[in-house]
file model_32.csv (CSV, C-alpha atoms)
chain,number,residue,atom,x,y,z
X,1,MET,CA,142.9,-18.8,60.1
X,2,THR,CA,142.5,-15.9,62.5
X,3,SER,CA,142.3,-12.3,61.3
X,4,GLY,CA,145.8,-11.6,62.4
X,5,LEU,CA,147.2,-14.4,60.3
X,6,TRP,CA,145.2,-13.3,57.3
X,7,GLU,CA,146.6,-9.8,57.8
X,8,LEU,CA,150.1,-11.3,57.7
X,9,VAL,CA,149.3,-13.1,54.4
X,10,LEU,CA,147.9,-9.9,52.9
X,11,ARG,CA,151.0,-8.0,53.9
X,12,GLY,CA,153.0,-10.7,52.1
X,13,VAL,CA,150.8,-10.2,49.0
X,14,TRP,CA,151.4,-6.5,49.0
X,15,THR,CA,155.2,-7.0,49.4
X,16,THR,CA,155.2,-9.5,46.5
X,17,VAL,CA,153.2,-7.1,44.3
X,18,GLN,CA,155.6,-4.2,45.1
X,19,LEU,CA,158.6,-6.4,44.3
X,20,LEU,CA,157.0,-7.6,41.1
X,21,VAL,CA,156.3,-4.0,39.9
X,22,PHE,CA,159.8,-2.6,40.8
X,23,SER,CA,161.7,-5.6,39.3
X,24,ALA,CA,159.5,-5.7,36.2
X,25,LEU,CA,160.2,-2.0,35.6
X,26,LEU,CA,163.9,-2.5,35.9
X,27,ALA,CA,163.8,-5.7,33.8
X,28,THR,CA,161.9,-3.8,31.1
X,29,ALA,CA,164.4,-1.0,31.0
X,30,VAL,CA,167.4,-3.4,30.9
X,31,SER,CA,165.7,-5.5,28.2
X,32,PHE,CA,165.3,-2.7,25.8
X,33,ILE,CA,168.6,-1.1,26.5
X,34,VAL,CA,170.6,-4.3,26.2
X,35,GLY,CA,168.4,-5.8,23.4
X,36,ILE,CA,168.8,-2.7,21.2
X,37,ALA,CA,172.5,-2.7,22.0
X,38,ARG,CA,172.7,-6.3,20.7
X,39,THR,CA,171.7,-5.0,17.3
X,40,HIS,CA,174.1,-2.0,17.3
X,41,ARG,CA,176.4,-1.4,14.3
X,42,LEU,CA,179.5,-1.2,16.5
X,43,TRP,CA,180.9,-4.6,17.5
X,44,ILE,CA,182.1,-3.5,20.9
X,45,VAL,CA,178.6,-2.4,21.9
X,46,ARG,CA,177.3,-5.8,20.7
X,47,PHE,CA,180.0,-7.6,22.5
X,48,LEU,CA,179.4,-5.9,25.9
X,49,ALA,CA,175.7,-6.4,25.6
X,50,GLY,CA,176.1,-10.0,24.7
X,51,PHE,CA,178.6,-10.5,27.6
X,52,TYR,CA,176.1,-9.1,30.0
X,53,THR,CA,173.3,-11.3,28.6
X,54,GLU,CA,175.4,-14.5,28.9
X,55,VAL,CA,176.6,-13.7,32.4
X,56,PHE,CA,173.1,-13.0,33.9
X,57,ARG,CA,171.3,-15.5,31.8
X,58,GLY,CA,173.8,-18.2,32.8
X,59,THR,CA,173.7,-17.7,36.5
X,60,SER,CA,171.1,-18.7,39.1
X,61,ALA,CA,168.7,-15.9,40.2
X,62,LEU,CA,168.9,-17.3,43.8
X,63,VAL,CA,172.7,-17.1,43.8
X,64,MET,CA,172.4,-13.6,42.4
X,65,ILE,CA,170.2,-12.6,45.3
X,66,PHE,CA,172.7,-14.0,47.7
X,67,TRP,CA,175.5,-12.1,45.9
X,68,VAL,CA,173.7,-8.7,45.9
X,69,PHE,CA,172.5,-9.0,49.5
X,70,PHE,CA,175.5,-10.7,51.2
X,71,VAL,CA,178.6,-10.2,49.1
X,72,LEU,CA,178.3,-6.7,47.7
X,73,PRO,CA,177.8,-4.9,51.0
X,74,PRO,CA,181.2,-5.8,52.6
X,75,ALA,CA,182.9,-5.1,49.3
X,76,PHE,CA,181.5,-1.6,48.9
X,77,GLY,CA,180.7,-0.7,52.5
X,78,TRP,CA,176.9,-0.2,52.1
X,79,GLN,CA,173.9,-2.4,52.7
X,80,LEU,CA,170.8,-2.7,50.6
X,81,VAL,CA,167.4,-3.3,52.2
X,82,PRO,CA,165.9,-6.6,51.1
X,83,MET,CA,163.3,-4.9,48.8
X,84,TRP,CA,166.0,-3.1,46.7
X,85,ALA,CA,168.4,-6.1,46.8
X,86,GLY,CA,165.6,-8.3,45.4
X,87,THR,CA,164.6,-5.7,42.9
X,88,LEU,CA,168.2,-5.3,41.6
X,89,ALA,CA,168.9,-9.1,41.5
X,90,LEU,CA,165.6,-10.1,39.8
X,91,GLY,CA,165.5,-7.0,37.5
X,92,LEU,CA,169.0,-7.6,36.1
X,93,THR,CA,168.6,-11.4,35.8
X,94,TYR,CA,165.2,-11.3,34.0
X,95,GLY,CA,166.3,-8.3,32.0
X,96,ALA,CA,168.9,-10.5,30.4
X,97,TYR,CA,166.2,-12.9,29.2
X,98,GLY,CA,164.1,-10.0,28.1
X,99,SER,CA,167.0,-8.5,26.0
X,100,GLU,CA,166.9,-11.6,23.8
X,101,ILE,CA,163.2,-11.0,23.3
X,102,VAL,CA,163.9,-7.5,22.2
X,103,ARG,CA,166.8,-8.5,19.9
X,104,GLY,CA,164.7,-11.2,18.3
X,105,GLY,CA,161.7,-8.9,17.8
X,106,LEU,CA,163.8,-6.2,16.1
X,107,GLN,CA,165.5,-8.6,13.8
X,108,ALA,CA,162.2,-10.1,12.8
X,109,VAL,CA,161.0,-6.9,11.2
X,110,ASP,CA,161.1,-7.0,7.5
X,111,PRO,CA,164.5,-5.7,6.2
X,112,ALA,CA,162.6,-3.7,3.6
X,113,GLN,CA,161.2,-1.6,6.4
X,114,GLN,CA,164.7,-0.7,7.5
X,115,GLU,CA,165.8,0.0,3.9
X,116,GLY,CA,162.8,2.2,3.4
X,117,GLY,CA,163.9,4.3,6.4
X,118,ILE,CA,167.4,4.6,5.0
X,119,ALA,CA,165.9,5.7,1.7
X,120,LEU,CA,164.0,8.4,3.5
X,121,SER,CA,167.3,9.6,5.1
X,122,PHE,CA,166.1,8.7,8.7
X,123,THR,CA,168.8,8.6,11.3
X,124,PRO,CA,169.3,5.2,13.1
X,125,TRP,CA,167.4,6.6,16.1
X,126,GLN,CA,164.5,7.7,13.9
X,127,ARG,CA,164.4,4.3,12.2
X,128,LEU,CA,164.3,2.6,15.6
X,129,ARG,CA,161.7,4.8,17.0
X,130,LEU,CA,159.4,5.3,14.0
X,131,ILE,CA,159.8,2.0,12.1
X,132,LEU,CA,161.3,-0.9,14.1
X,133,LEU,CA,159.8,-0.6,17.6
X,134,PRO,CA,156.2,0.2,16.6
X,135,GLN,CA,156.2,-3.1,14.6
X,136,ALA,CA,158.3,-5.2,16.9
X,137,VAL,CA,156.9,-4.4,20.3
X,138,PRO,CA,153.4,-5.8,19.7
X,139,GLU,CA,155.0,-9.1,18.7
X,140,MET,CA,157.1,-9.1,21.8
X,141,ILE,CA,154.2,-8.9,24.2
X,142,PRO,CA,153.2,-12.6,24.4
X,143,THR,CA,156.8,-13.6,25.2
X,144,PHE,CA,157.1,-10.8,27.7
X,145,SER,CA,153.9,-12.0,29.3
X,146,ASN,CA,155.4,-15.4,29.9
X,147,LEU,CA,158.6,-13.7,31.3
X,148,LEU,CA,156.5,-11.6,33.6
X,149,ILE,CA,154.8,-14.7,35.0
X,150,GLU,CA,158.2,-16.3,35.5
X,151,LEU,CA,159.3,-13.1,37.3
X,152,LEU,CA,156.2,-13.4,39.6
X,153,LYS,CA,157.2,-16.9,40.6
X,154,GLY,CA,160.8,-15.8,41.0
X,155,THR,CA,159.8,-13.2,43.6
X,156,ALA,CA,159.4,-16.2,46.1
X,157,LEU,CA,163.2,-16.5,46.1
X,158,VAL,CA,163.6,-13.3,48.1
X,159,SER,CA,162.2,-15.2,51.2
X,160,VAL,CA,165.8,-16.4,51.7
X,161,MET,CA,166.7,-12.9,52.8
X,162,GLY,CA,163.9,-13.0,55.4
X,163,MET,CA,161.8,-10.6,53.3
X,164,GLY,CA,158.1,-10.8,54.2
X,165,ASP,CA,156.8,-11.7,50.8
X,166,LEU,CA,153.9,-14.1,50.1
X,167,ALA,CA,156.0,-17.2,50.3
X,168,PHE,CA,157.7,-16.1,53.5
X,169,SER,CA,154.4,-15.1,55.1
X,170,GLY,CA,152.8,-18.3,54.1
X,171,ASN,CA,155.6,-20.3,55.8
X,172,LEU,CA,155.1,-18.3,59.0
X,173,VAL,CA,151.4,-19.1,59.0
X,174,ARG,CA,152.2,-22.7,58.4
X,175,LEU,CA,154.5,-22.8,61.3
X,176,ALA,CA,151.9,-21.1,63.5
X,177,LEU,CA,149.1,-23.5,62.6
X,178,GLN,CA,151.1,-26.6,61.8
X,179,GLU,CA,148.9,-27.1,58.7
X,180,SER,CA,150.7,-27.3,55.4
X,181,ALA,CA,148.1,-28.4,52.9
X,182,GLU,CA,145.6,-25.7,53.7
X,183,ILE,CA,148.1,-22.8,53.8
X,184,TYR,CA,150.1,-23.7,50.7
X,185,THR,CA,146.9,-24.3,48.8
X,186,TYR,CA,145.9,-20.7,49.7
X,187,VAL,CA,149.4,-19.5,48.6
X,188,LEU,CA,149.1,-21.3,45.3
X,189,LEU,CA,145.7,-19.9,44.6
X,190,ILE,CA,146.9,-16.3,45.3
X,191,TYR,CA,149.8,-16.7,43.0
X,192,PHE,CA,147.4,-18.1,40.3
X,193,VAL,CA,145.1,-15.2,40.7
X,194,ILE,CA,147.9,-12.6,40.3
X,195,ALA,CA,149.3,-14.5,37.3
X,196,PHE,CA,145.8,-14.6,35.7
X,197,LEU,CA,145.3,-10.9,36.2
X,198,LEU,CA,148.8,-10.2,34.7
X,199,THR,CA,148.0,-12.4,31.7
X,200,ARG,CA,144.7,-10.6,31.0
X,201,LEU,CA,146.5,-7.2,31.4
X,202,MET,CA,149.2,-8.2,28.9
X,203,ARG,CA,146.6,-9.4,26.4
X,204,GLY,CA,144.8,-6.1,26.6
X,205,LEU,CA,148.1,-4.3,26.1
X,206,GLU,CA,148.9,-6.5,23.1
X,207,LYS,CA,145.5,-5.7,21.4
X,208,LYS,CA,145.9,-2.0,22.1
X,209,LEU,CA,149.4,-1.9,20.6
X,210,LYS,CA,148.3,-4.0,17.5
X,211,ALA,CA,145.3,-1.7,16.9
X,212,GLY,CA,146.0,0.2,13.7
X,213,VAL,CA,149.3,-1.5,12.9
X,214,GLY,CA,149.5,-2.3,9.2
X,215,LYS,CA,146.0,-0.8,8.5
X,216,ALA,CA,145.4,1.8,5.8
X,217,PRO,CA,143.9,5.0,7.0
X,218,THR,CA,140.2,5.0,6.8
X,219,ARG,CA,139.3,8.1,4.9
X,220,GLU,CA,136.5,8.6,2.5
X,221,VAL,CA,137.6,9.5,-0.9
X,222,LYS,CA,135.2,11.6,-2.9
X,223,VAL,CA,135.2,11.1,-6.7
X,224,PRO,CA,134.5,14.3,-8.5
X,225,GLU,CA,131.5,14.3,-10.8
X,226,THR,CA,132.4,14.3,-14.5
X,227,VAL,CA,131.0,17.4,-16.1
X,228,GLY,CA,129.1,16.8,-19.3
X,229,SER,CA,129.2,13.1,-19.1
X,230,GLY,CA,125.6,12.7,-20.2
X,231,VAL,CA,124.9,11.3,-23.7
X,232,ALA,CA,123.5,13.9,-26.0
call {"tool": "encode", "arguments": {"input": "model_32.csv", "output": "structure tokens"}}
result
Amino acid sequence: MTSGLWELVLRGVWTTVQLLVFSALLATAVSFIVGIARTHRLWIVRFLAGFYTEVFRGTSALVMIFWVFFVLPPAFGWQLVPMWAGTLALGLTYGAYGSEIVRGGLQAVDPAQQEGGIALSFTPWQRLRLILLPQAVPEMIPTFSNLLIELLKGTALVSVMGMGDLAFSGNLVRLALQESAEIYTYVLLIYFVIAFLLTRLMRGLEKKLKAGVGKAPTREVKVPETVGSGVA
């Protein structure tokens, strides 16, 4: 390929990375807000959170992108740029999947931990922040890692809006060179490299979060010498 075509591909990589970061941040926020709401003591909060999860988890991400980009603008009189339309659609869709990860992680914590917080007169927010989340989040990381890889692959869907992501740029290069095998092999390798780096990053985050969890404090205890312990 020529340098100009490689530049086009690299711009597509940069667009894909930007979309991945923005949509992952939105999905993470949605995951924890909705996931925590799924465990709320009020039934109406649990119902609304569950309704959101079922709607976005049960619809196609591609159709959601169409809806956000083509249907909402005429209804509300404004137009989202492709980057933010893709971020909104992907973030809300994958956030619904992530909310189930959060809900399952919180409910997997030993109930005795929750009861201990109640015994210490902790408020629900204090129990969540100091007891539940520190134990649940490290266990969520492997599943979140898989969801992040799925989100990376889902970013290719935004090419239907004409957004110049990696998939869209690869298709333009294919049309220019009339060579499918070589171009799509490069695109597959680029997606694989990004996914591999994300996996290593999430493993490092998991190890960091698990460091010190469940360990007793390492402090040297000095035993006082017994005075007059010798035998006369």
call {"tool": "closest_residue", "arguments": {"input": "model_32.csv", "among": "X:Trp125, X:Ile44, X:Thr93, X:Leu20", "to": "Thr59 in chain X", "atoms": "all atoms listed in the file"}}
result
X:Thr93
call {"tool": "residues_around", "arguments": {"input": "model_32.csv", "residues": "range 141-157 of chain X", "least_positions_apart": "6", "cutoff": "10 Å", "atoms": "all atoms listed in the file", "output": "short mmCIF file (atom, residue, chain, number, x, y, z; two decimals) with C-alpha atoms, keeping the file's coordinate frame"}}
result
data_model
loop_
_atom_site.label_atom_id
_atom_site.label_comp_id
_atom_site.auth_asym_id
_atom_site.auth_seq_id
_atom_site.Cartn_x
_atom_site.Cartn_y
_atom_site.Cartn_z
CA THR X 15 155.20 -7.00 49.40
CA THR X 16 155.20 -9.50 46.50
CA VAL X 17 153.20 -7.10 44.30
CA LEU X 19 158.60 -6.40 44.30
CA LEU X 20 157.00 -7.60 41.10
CA VAL X 21 156.30 -4.00 39.90
CA SER X 23 161.70 -5.60 39.30
CA ALA X 24 159.50 -5.70 36.20
CA ALA X 27 163.80 -5.70 33.80
CA THR X 28 161.90 -3.80 31.10
CA ALA X 61 168.70 -15.90 40.20
CA LEU X 62 168.90 -17.30 43.80
CA VAL X 63 172.70 -17.10 43.80
CA ILE X 65 170.20 -12.60 45.30
CA PHE X 66 172.70 -14.00 47.70
CA GLY X 86 165.60 -8.30 45.40
CA THR X 87 164.60 -5.70 42.90
CA LEU X 90 165.60 -10.10 39.80
CA GLY X 91 165.50 -7.00 37.50
CA THR X 93 168.60 -11.40 35.80
CA TYR X 94 165.20 -11.30 34.00
CA GLY X 95 166.30 -8.30 32.00
CA TYR X 97 166.20 -12.90 29.20
CA GLY X 98 164.10 -10.00 28.10
CA ILE X 101 163.20 -11.00 23.30
CA VAL X 102 163.90 -7.50 22.20
CA GLY X 105 161.70 -8.90 17.80
CA MET X 163 161.80 -10.60 53.30
CA GLY X 164 158.10 -10.80 54.20
CA ASP X 165 156.80 -11.70 50.80
CA LEU X 166 153.90 -14.10 50.10
CA ALA X 167 156.00 -17.20 50.30
CA PHE X 168 157.70 -16.10 53.50
CA TYR X 191 149.80 -16.70 43.00
CA PHE X 192 147.40 -18.10 40.30
CA ILE X 194 147.90 -12.60 40.30
CA ALA X 195 149.30 -14.50 37.30
CA PHE X 196 145.80 -14.60 35.70
CA LEU X 198 148.80 -10.20 34.70
CA THR X 199 148.00 -12.40 31.70
CA ARG X 200 144.70 -10.60 31.00
CA LEU X 201 146.50 -7.20 31.40
CA MET X 202 149.20 -8.20 28.90
CA ARG X 203 146.60 -9.40 26.40
CA LEU X 205 148.10 -4.30 26.10
CA GLU X 206 148.90 -6.50 23.10
CA LYS X 207 145.50 -5.70 21.40
CA LEU X 209 149.40 -1.90 20.60
#
call {"tool": "atom_distance", "arguments": {"input": "model_32.csv", "atom1": "CA of Val173 in chain X", "atom2": "CA of Arg11 in chain X"}}
result
12.2 Å
call {"tool": "atom_distance", "arguments": {"input": "model_32.csv", "atom1": "CA of Ser31 in chain X", "atom2": "CA of Glu100 in chain X"}}
result
7.6 Å
call {"tool": "residues_around", "arguments": {"input": "model_32.csv", "residues": "Ile33 in chain X", "least_positions_apart": "5", "cutoff": "9 Å", "atoms": "all atoms listed in the file", "output": "ChimeraX atom specification"}}
result
/X:28,38,49,99
call {"tool": "write_last_selection", "arguments": {"input": "model_32.csv", "atoms": "C-alpha atoms", "output": "PDB file, in the frame of the given file"}}
result
ATOM      1  CA  THR X  28     161.900  -3.800  31.100  1.00  0.00           C
ATOM      2  CA  ARG X  38     172.700  -6.300  20.700  1.00  0.00           C
ATOM      3  CA  ALA X  49     175.700  -6.400  25.600  1.00  0.00           C
ATOM      4  CA  SER X  99     167.000  -8.500  26.000  1.00  0.00           C
TER       5      SER X  99
END
call {"tool": "residues_near_point", "arguments": {"input": "model_32.csv", "point": "(163.9, 1.9, 13.6)", "cutoff": "10 Å", "atoms": "all atoms listed in the file", "output": "PyMOL selection string"}}
result
chain X and resi 106+109+113-114+117-118+122-136
call {"tool": "residues_around", "arguments": {"input": "model_32.csv", "residues": "Tyr52 in chain X", "least_positions_apart": "4", "cutoff": "9 Å", "atoms": "all atoms listed in the file", "output": "count of residues only"}}
result
6
call {"tool": "residues_around", "arguments": {"input": "model_32.csv", "residues": "Val187 in chain X", "least_positions_apart": "6", "cutoff": "10 Å", "atoms": "all atoms listed in the file", "output": "PyMOL selection string"}}
result
chain X and resi 9+13+166-167+169-171+181+193
call {"tool": "closest_residue", "arguments": {"input": "model_32.csv", "among": "X:Leu188, X:Phe22, X:Phe51, X:Leu80", "to": "Trp67 in chain X", "atoms": "all atoms listed in the file"}}
result
X:Leu80
call {"tool": "atom_distance", "arguments": {"input": "model_32.csv", "atom1": "CA of Met83 in chain X", "atom2": "CA of Ser3 in chain X"}}
result
25.5 Å
call {"tool": "closest_residue", "arguments": {"input": "model_32.csv", "among": "X:Arg41, X:Val68, X:Gly12, X:Ile190", "to": "Ala85 in chain X", "atoms": "all atoms listed in the file"}}
result
X:Val68
call {"tool": "closest_residue", "arguments": {"input": "model_32.csv", "among": "X:Leu120, X:Trp43, X:Val160, X:Ser180", "to": "Phe70 in chain X", "atoms": "all atoms listed in the file"}}
result
X:Val160
call {"tool": "closest_residue", "arguments": {"input": "model_32.csv", "among": "X:Gln178, X:Gln18, X:Ser60, X:Thr39", "to": "Trp84 in chain X", "atoms": "only C-alpha atoms"}}
result
X:Gln18
